[in-house]
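Heads up, the thing below is written out as structure tokens.
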Amino acid sequence: MSEFLLGSSYYPEWWKESEWDEDFKKMEELGFNAVRMGEFAWSFFEPREGEYNFEPMRRAIDCAERHGIKVILGTVSAVCPAWLYKKYPEVKGGNDKGHYNFGGRKGQCLSSDIFLEYAFKITEEEAKALGSHKNVVGWQLDNEPGFPFYDFDENCNKGFREFLKNKYGTIEKLNDAWFTQMWSNVYNDFSEIEIPVNACEGGMTPEIQLDYRKYFSFTFNRLLSGEAKILRKYSPGRFLYTNWPGANWSVNCFEGSKYLDFAAWDNYVGQPHGENYRIQLRASMEHSFDRYLGKEQNKFLVAEQKAFVDANSPAEIIRAQTWLNISHGAFGTVFFEWRTPIGGTEQEYGSVLGRDKRPRAETGQIYKKLASEIKDYYSLIDGAKTNSDVAVIYSYENSWGSLGWVVDGPYDEEFFNSYGGFKNSLKTNVDVIGIDADFSKYKLLVLPNYRITSEEDVKKFKSFAENGGTLVLNTQCGTRDEFNRMRELLEPGLFKELAGAFVTSEITAAELKNQTGEEPVLKYADNSQATLSGLVQKLFLTEAKALAVYKTGALKDCPAVTKNNVGKGCVILYAQSGNDVYFYEELANAVKNETDIKPLIDVSDGAIVSSRTKDGKEYIFAVNMKDTPVFANLKGDYKDVLHGKTVSGKVEIEAYDTLFITKE
């Protein structure tokens, strides 16, 4: 898109048609130019089987067009009409309590061939009826794929068995992969396998969980890729995306990038308050992940963002969050939502308009200011790219390999904290990538808790280090095979030789504190310290040298963080669970001293720094997420784009303001 899409979600089916024009007029007055509609409108489009009525939505699209509002349409497969539930009860999904009752959303089973048949049929009819409208610029497939994170019913059991049979071929290979000889859990035939919904002790093994999560992801990607194929045929030339609730949640988004034009996500990251500005580093991580998932790997869409601010927050946060989106490569931000429904589950949720149908007093002017700024300056970076020397590597297998159905489990929390710590300390661009990425473009790779690792993966990391790269990993890496079974190797498993060190014993930080009465800490050569939580491990060094040592109990002066030279580069190993972002900030500072990575600009704590490059010109952003000013120290003269002046030396960035600069 050559124009930044700024707008909101809107549901014409909720409101009287006589109100539509006034709503779109108000959007136009705020400076909005985009709207997302239709993603829950199945019964609006098909109230009874085969009775299609798309004319009301066509009139809504026409109405939006009259006010300069471009339309993103949604496919409707995130809901299921009552008539389909009644005619085919087998389309119902379920959980450990049984089948879902009708009502709400996400109650359908994606393993049901009948549901897929009807979902594809309504998608085709919608695309035929509305997909050629000149005011339709894009499509959203489904809604927040991944919810409700699991599905248990007979269709799922049947589909899971077929999935496993296709994967393993024989029951003997499955038994070997799942280590079923333990506790006599051996299967004689695939027909004996059931998803362990109500598992007895140890029934949901790491191996079973990993395969089920892969199957669950497969079902969503099958649905979405099928819809994409239909839309390519009947609505060509429009961009396709889906609004991941977060790129790490439930569905393998690397697979999604094969049939989508862009990645998008729903930004409901909490609003910052004072020193809690670091919460916005989560948004930075999601932006970087979605940027990588896009085919062009340089832009993404924020498909939903909170449209209002808390009573304890200034309205300027909305502007700061949107500029943070832009600084990472967003080509649009769609706020949720335009008007709050008067009934239903989300009737208490906030919106752009208040209950009186007017823009909220505290945010209305902010939207206008934001729209004006974007209109004036977005063209400078439209089509720009993010150049990064640093990347953190994400793995769905390692996320799904942790037991439990939780989202943001141990692996993901470690991943978020590592990204946030390195991003915040290095003050530079940090990519999120997958194992298949080209490592040669990076100077530094961070690999937290990459337990499930293949020998081929390790060869790739070794080559990266030998050619001058710095690899940062912890002792959990390389300790499991592709089936989520433990390798018969000392930690860090397959990385032991590269790290030049291995683990001899361990203790939790809590127990260490109980035994010694001291706060468990480690100390770097520059005397900086990091407080420890989670696991603390003792290392034996074969080739590596210590970068940090423990300062607590009998572990005092034992190596805690090490460096091992490998070819032209090195491997840095840390022997702790980095359960908070501050731990990774100190680790990043130590790593920085071992590399030639420089900050984009020198700026005080509280600003999230990124850059975009277009036609050889670099544009630097420092978004202040604190409620007090921060300061940048600029070497040379820069053009301050948003404030229309030349700046140099010490520059103040006001609370929740953005410094958007480029060299004069």
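A note on labels: chains of the structure tokens are A, B, ... as shown, every chain counts residues from 1, and ligands are counted from 1 in their shown order.
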Quiz item: Any idea what's packed within 9 Å of stretch 36-52 of chain A, counting only C-alpha atoms, ignoring anything in its chain fewer than 2 positions away? Could you give it as a ChimeraX atom specification?
Solution: /A:7-13,34,54-57,61,70-84,105,122,125-126,139-143,303,334
Exercise. Using DSSP on the backbone, list every residue of stretch 267-434 of chain A that comes out as strand (DSSP E or B), and give them as a list of chain:residue names.
Key: A:Asn267, A:Phe300, A:Leu301, A:Val302, A:Ala303, A:Glu304, A:Gln305, A:Lys306, A:Ala330, A:Phe331, A:Gly332, A:Thr333, A:Val334, A:Phe335, A:Phe336, A:Leu353, A:Pro359, A:Lys385, A:Val390, A:Ala391, A:Val392, A:Ile393, A:Val430, A:Asp431, A:Val432, A:Ile433
Quiz item: Which one of A:Val603, A:Cys63, A:Ile452, A:Leu494 sits closest to A:Gly401 if you count only C-alpha atoms?
Solution: A:Ile452
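Distance check against A:Phe335 using only C-alpha atoms: of A:Gly420, A:Thr662, A:Thr475, A:Phe32, the minimum falls on A:Phe32.
Using only C-alpha atoms, the residues found no farther than 8 Å from A:Cys109, other than those of its own chain fewer than 5 positions away, are Val91, Lys92, Gly93, Gly94, Phe115, Asp151, Asp153, Asn155 and Cys156 of chain A.
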Quiz prompt | Residues within 6 Å of A:Val521, only C-alpha atoms, excluding chain neighbours under 2 positions, as a list in words | solution = Ala530, Thr531, Leu532 and Lys551 of chain A
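If only C-alpha atoms are the atoms counted, then among A:Ala391, A:Ala315, A:Leu130, A:Val137 the closest residue to A:Val35 is A:Val137.
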10 Å contact set for A:Tyr215, only C-alpha atoms, chain neighbours under 6 positions out, as a CSV table (one decimal) with N, CA and C atoms, in the first residue's frame:
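Result saved to out34.csv:
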```csv
chain,number,residue,atom,x,y,z
A,111,SER,N,-11.5,-29.9,12.4
A,111,SER,CA,-11.3,-31.2,11.8
A,111,SER,C,-12.5,-31.8,11.2
A,156,CYS,N,-11.6,-34.6,15.8
A,156,CYS,CA,-10.2,-34.3,16.1
A,156,CYS,C,-9.4,-35.6,16.3
A,159,GLY,N,-8.9,-37.1,12.9
A,159,GLY,CA,-8.0,-36.3,12.2
A,159,GLY,C,-6.5,-36.5,12.7
A,160,PHE,N,-6.4,-36.5,14.1
A,160,PHE,CA,-5.1,-36.7,14.7
A,160,PHE,C,-4.5,-38.0,14.3
A,161,ARG,N,-5.3,-39.1,14.3
A,161,ARG,CA,-4.8,-40.4,13.9
A,161,ARG,C,-4.3,-40.4,12.5
A,162,GLU,N,-5.0,-39.8,11.6
A,162,GLU,CA,-4.6,-39.7,10.2
A,162,GLU,C,-3.3,-38.9,10.1
A,163,PHE,N,-3.3,-37.8,10.8
A,163,PHE,CA,-2.1,-37.0,10.8
A,163,PHE,C,-0.8,-37.8,11.3
A,164,LEU,N,-1.0,-38.6,12.3
A,164,LEU,CA,0.1,-39.4,12.9
A,164,LEU,C,0.5,-40.5,11.9
A,209,GLN,N,2.2,-34.2,23.4
A,209,GLN,CA,1.8,-32.8,23.3
A,209,GLN,C,2.4,-32.1,22.1
A,221,ASN,N,-4.1,-23.9,9.5
A,221,ASN,CA,-3.4,-23.6,8.3
A,221,ASN,C,-4.2,-24.2,7.1
A,251,VAL,N,-0.6,-21.4,16.3
A,251,VAL,CA,-0.5,-21.7,14.9
A,251,VAL,C,0.9,-21.4,14.4
```
Need to verify the contact set: A:Lys368, 9 Å, only C-alpha atoms, exclusion of same-chain residues closer than 6 positions in sequence. Can you return it as a PDB file with C-alpha atoms, in the first residue's frame?
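In the end it all went to around_14.pdb:
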```
ATOM      1  CA  GLU A  29     -13.499  13.783  10.090  1.00  0.00           C
ATOM      2  CA  LEU A  30     -10.989  12.043  12.369  1.00  0.00           C
ATOM      3  CA  GLY A  31      -8.708  11.372   9.399  1.00  0.00           C
ATOM      4  CA  PHE A  32      -9.394   7.648   9.133  1.00  0.00           C
TER       5      PHE A  32
END
```
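When only C-alpha atoms are used to compute distances to A:Leu223, the closest of the residues A:Ser528, A:Asn467, A:Gln108, A:Gln181 turns out to be A:Gln108.
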Exercise. Tell me which protein, DNA and RNA residues are within 6 Å of stretch 277-282 of chain A, counting only C-alpha atoms, leaving out same-chain ones fewer than 2 positions away, and put them as a VMD selection string.
Key: chain A and resid 272 to 273 275 284 to 285 420 625 to 626
Any chance you can output those residues with N, CA and C atoms as an mmCIF file, in the first residue's frame?
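What follows is the written file again.cif:
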```
data_model
loop_
_atom_site.group_PDB
_atom_site.id
_atom_site.type_symbol
_atom_site.label_atom_id
_atom_site.label_comp_id
_atom_site.auth_asym_id
_atom_site.auth_seq_id
_atom_site.Cartn_x
_atom_site.Cartn_y
_atom_site.Cartn_z
ATOM 1 N N PRO A 272 1.908 1.509 28.856
ATOM 2 C CA PRO A 272 3.044 1.741 29.754
ATOM 3 C C PRO A 272 2.721 2.766 30.842
ATOM 4 N N HIS A 273 3.375 2.606 31.965
ATOM 5 C CA HIS A 273 3.261 3.563 33.066
ATOM 6 C C HIS A 273 4.630 3.686 33.723
ATOM 7 N N GLU A 275 8.214 3.454 34.866
ATOM 8 C CA GLU A 275 9.289 2.506 34.608
ATOM 9 C C GLU A 275 8.784 1.227 33.963
ATOM 10 N N SER A 284 7.191 -4.468 20.404
ATOM 11 C CA SER A 284 8.336 -4.393 19.501
ATOM 12 C C SER A 284 8.703 -5.774 18.970
ATOM 13 N N MET A 285 8.680 -6.775 19.857
ATOM 14 C CA MET A 285 8.986 -8.138 19.438
ATOM 15 C C MET A 285 7.966 -8.645 18.427
ATOM 16 N N GLY A 420 13.473 -8.533 24.459
ATOM 17 C CA GLY A 420 13.340 -7.231 25.099
ATOM 18 C C GLY A 420 14.632 -6.729 25.689
ATOM 19 N N MET A 625 8.436 5.842 25.694
ATOM 20 C CA MET A 625 7.308 5.163 26.314
ATOM 21 C C MET A 625 7.212 5.441 27.811
ATOM 22 N N LYS A 626 7.897 6.461 28.270
ATOM 23 C CA LYS A 626 7.838 6.847 29.677
ATOM 24 C C LYS A 626 6.966 8.086 29.847
#
```
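Of the residues under consideration (A:Phe439, A:Tyr187, A:Phe152, A:Tyr524), A:Phe152 shows the shortest atom-to-atom contact distance to A:Tyr212 when counting only C-alpha atoms.
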Quiz item: Given the choices A:Gly256, A:Gly636, A:Gly131, A:Gly104, which gets closest to A:Thr345 if the distance is worked out from only C-alpha atoms?
Solution: A:Gly104
Exercise. Any chance you could list, as a PyMOL selection string, the residues in stretch 181-310 of chain A that come up helix (DSSP H, G or I) when DSSP is run on the backbone?
Key: chain A and resi 182-184+190-192+206-234+253-256+274-293
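Computed from the coordinates, the atom CA of A:Gly434 to atom CA of A:Arg232 distance equals 26.7 Å.
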